[in-house]
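What's in my_file11.txt: compact mmCIF, C-alpha atoms
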# COMPACT_ATOMS: atom_id res chain seq x y z
CA ALA B 299 0.00 0.00 0.00
CA ARG B 300 1.16 3.54 -0.71
CA LEU B 301 0.10 5.96 1.99
CA GLU B 302 2.91 8.49 1.78
CA HIS B 303 1.98 12.07 2.74
CA CYS B 304 -1.39 10.97 4.21
CA ASP B 305 -2.76 12.54 7.40
CA VAL B 306 -4.25 10.03 9.82
CA SER B 307 -3.51 12.00 12.96
CA ASP B 308 -5.57 10.91 15.98
CA ALA B 309 -7.05 7.96 14.03
CA ASN B 310 -7.79 4.66 15.73
CA LEU B 311 -5.69 2.15 13.80
CA GLU B 312 -5.18 -0.45 16.55
CA GLY B 313 -4.08 -3.77 15.09
CA ALA B 314 -3.85 -2.35 11.55
CA GLU B 315 -1.57 -4.13 9.07
CA PHE B 316 0.91 -1.99 7.14
CA GLU B 317 3.30 -4.74 6.04
CA THR B 318 5.68 -3.38 3.36
CA ALA B 319 3.55 -0.20 3.07
CA ASP B 320 5.08 3.13 2.11
CA LEU B 321 4.15 5.52 4.93
CA SER B 322 6.89 8.06 4.18
CA ASN B 323 6.17 11.66 5.19
CA ALA B 324 2.77 10.68 6.64
CA ASN B 325 1.27 12.18 9.79
CA PHE B 326 0.34 9.67 12.50
CA SER B 327 0.43 12.23 15.35
CA GLY B 328 -1.63 11.01 18.28
CA ALA B 329 -2.78 7.94 16.32
CA LYS B 330 -3.73 4.78 18.20
CA LEU B 331 -1.51 2.11 16.63
CA ARG B 332 -1.39 -0.39 19.50
CA GLY B 333 -0.49 -3.81 18.12
CA ALA B 334 -0.15 -2.53 14.54
CA LYS B 335 1.96 -4.64 12.21
CA MET B 336 4.49 -2.69 10.15
CA PHE B 337 6.90 -5.40 8.98
CA ARG B 338 9.36 -3.87 6.49
CA ALA B 339 7.24 -0.70 6.21
CA ARG B 340 8.89 2.46 4.90
CA ALA B 341 8.13 5.34 7.27
CA ALA B 342 10.98 7.74 6.56
CA ARG B 343 10.34 11.26 7.86
CA THR B 344 6.94 10.15 9.20
CA CYS B 345 5.49 11.89 12.25
CA PHE B 346 4.45 9.57 15.09
CA HIS B 347 4.44 12.35 17.71
CA ALA B 348 2.49 11.17 20.80
CA ALA B 349 1.26 8.08 18.91
CA ASN B 350 0.40 4.91 20.81
CA LEU B 351 2.71 2.29 19.29
CA ARG B 352 2.54 -0.01 22.29
CA GLN B 353 3.05 -3.65 21.25
CA ALA B 354 3.44 -2.56 17.60
CA LYS B 355 5.54 -4.82 15.40
CA LEU B 356 8.07 -2.83 13.37
CA PRO B 357 10.85 -5.30 12.50
CA SER B 358 12.99 -4.22 9.56
CA ALA B 359 10.94 -1.01 9.22
CA THR B 360 12.63 2.09 7.83
CA LEU B 361 12.11 4.92 10.34
CA THR B 362 14.96 7.20 9.29
CA GLY B 363 14.22 10.79 10.20
CA ALA B 364 10.90 9.82 11.83
CA ASP B 365 9.49 11.93 14.67
CA LEU B 366 8.77 9.57 17.57
CA THR B 367 8.71 12.26 20.29
CA ASN B 368 6.44 11.30 23.17
CA ALA B 369 5.37 8.12 21.34
CA ASP B 370 4.48 5.13 23.52
CA LEU B 371 6.88 2.41 22.37
CA ARG B 372 6.45 0.06 25.34
CA GLU B 373 6.68 -3.57 24.25
CA ALA B 374 7.13 -2.51 20.61
CA VAL B 375 9.30 -4.75 18.43
CA LEU B 376 11.97 -2.74 16.61
CA VAL B 377 14.38 -5.55 15.68
CA MET B 378 16.48 -4.56 12.65
CA ALA B 379 14.54 -1.29 12.26
CA GLU B 380 16.46 1.61 10.72
CA LEU B 381 16.30 4.54 13.15
CA GLY B 382 19.01 6.84 11.75
CA SER B 383 18.23 10.52 12.51
CA ALA B 384 14.92 9.55 14.16
CA ASN B 385 13.83 11.74 17.07
CA LEU B 386 13.13 9.47 20.04
CA SER B 387 12.96 12.11 22.77
Would you write the structure of this file as structure tokens?
Amino acid sequence: ARLEHCDVSDANLEGAEFETADLSNANFSGAKLRGAKMFRARAARTCFHAANLRQAKLPSATLTGADLTNADLREAVLVMAELGSANLS
């Protein structure tokens, strides 16, 4: 799926499947993504500010330059994810 540049801020996307999706430059600010599956998704420069990514599966995802400030990443799986220049504060 190609969802680059989309705005789904504050959306309830719990358990959504974004496997291999292109989410680059999208806005997921405040989105509820608990348990979402993002295997090998491309989310470069995507905004996840204050998003709930608890228990999300992001192995091998590309998150370079992503904004993860105040995101809930508890129990999230980030094995082999690319986090270069991502903001995790």
In Å and to one decimal, CA of Gly382 in chain B is distant from CA of Leu301 in chain B by 21.3 Å
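CA of Leu321 in chain B lies 10.9 Å from CA of Phe346 in chain B.
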All residues 10 Å or closer to Ala339 in chain B, all atoms listed in the file, same chain fewer than 5 positions away omitted, as a VMD selection string = chain B and resid 299 315 to 322 356 to 361 379
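Taking CA of Lys335 in chain B and CA of Ser383 in chain B as the two end points, the separation is 22.2 Å.
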Between B:Arg332, B:Leu371, B:Thr344, B:Ala349, which one has atoms that come closest to Asp308 in chain B, using all atoms listed in the file?
->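 So, comparing all the options, the nearest one is B:Ala349.
With only the atoms specified (only C-alpha atoms) counting, those residues at most 9 Å away from (5.8, -6.2, 15.2) are Gly333, Ala334, Lys335, Met336, Phe337, Gln353, Ala354, Lys355, Leu356, Pro357, Ala374, Val375, Leu376 and Val377 of chain B.
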Might you pull out every residue within 7 Å of Ala364 in chain B, with only C-alpha atoms counted and same-chain residues fewer than 2 positions away left off, and present them as number ranges by chain?
-> B: 341-345, 361-362, 366, 384-385
Which neighbours of Asp305 in chain B fall inside 7 Å, counting only C-alpha atoms, when residues of the same chain fewer than 2 positions from it are skipped, and could you give them as an MDAnalysis selection string?
-> chainID B and resid 303 307 324:326
Closest to Asp370 in chain B among B:Leu386, B:Ala309, B:Ala348, B:Ala314, using only C-alpha atoms?
->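 Closest to Asp370 in chain B, using only C-alpha atoms: B:Ala348.
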Fewer than 5 positions away in the same chain doesn't count, so skip those; otherwise give me all residues within 7 Å of His347 in chain B, counting all atoms listed in the file, as number ranges by chain.
-> B: 327-328, 365-369
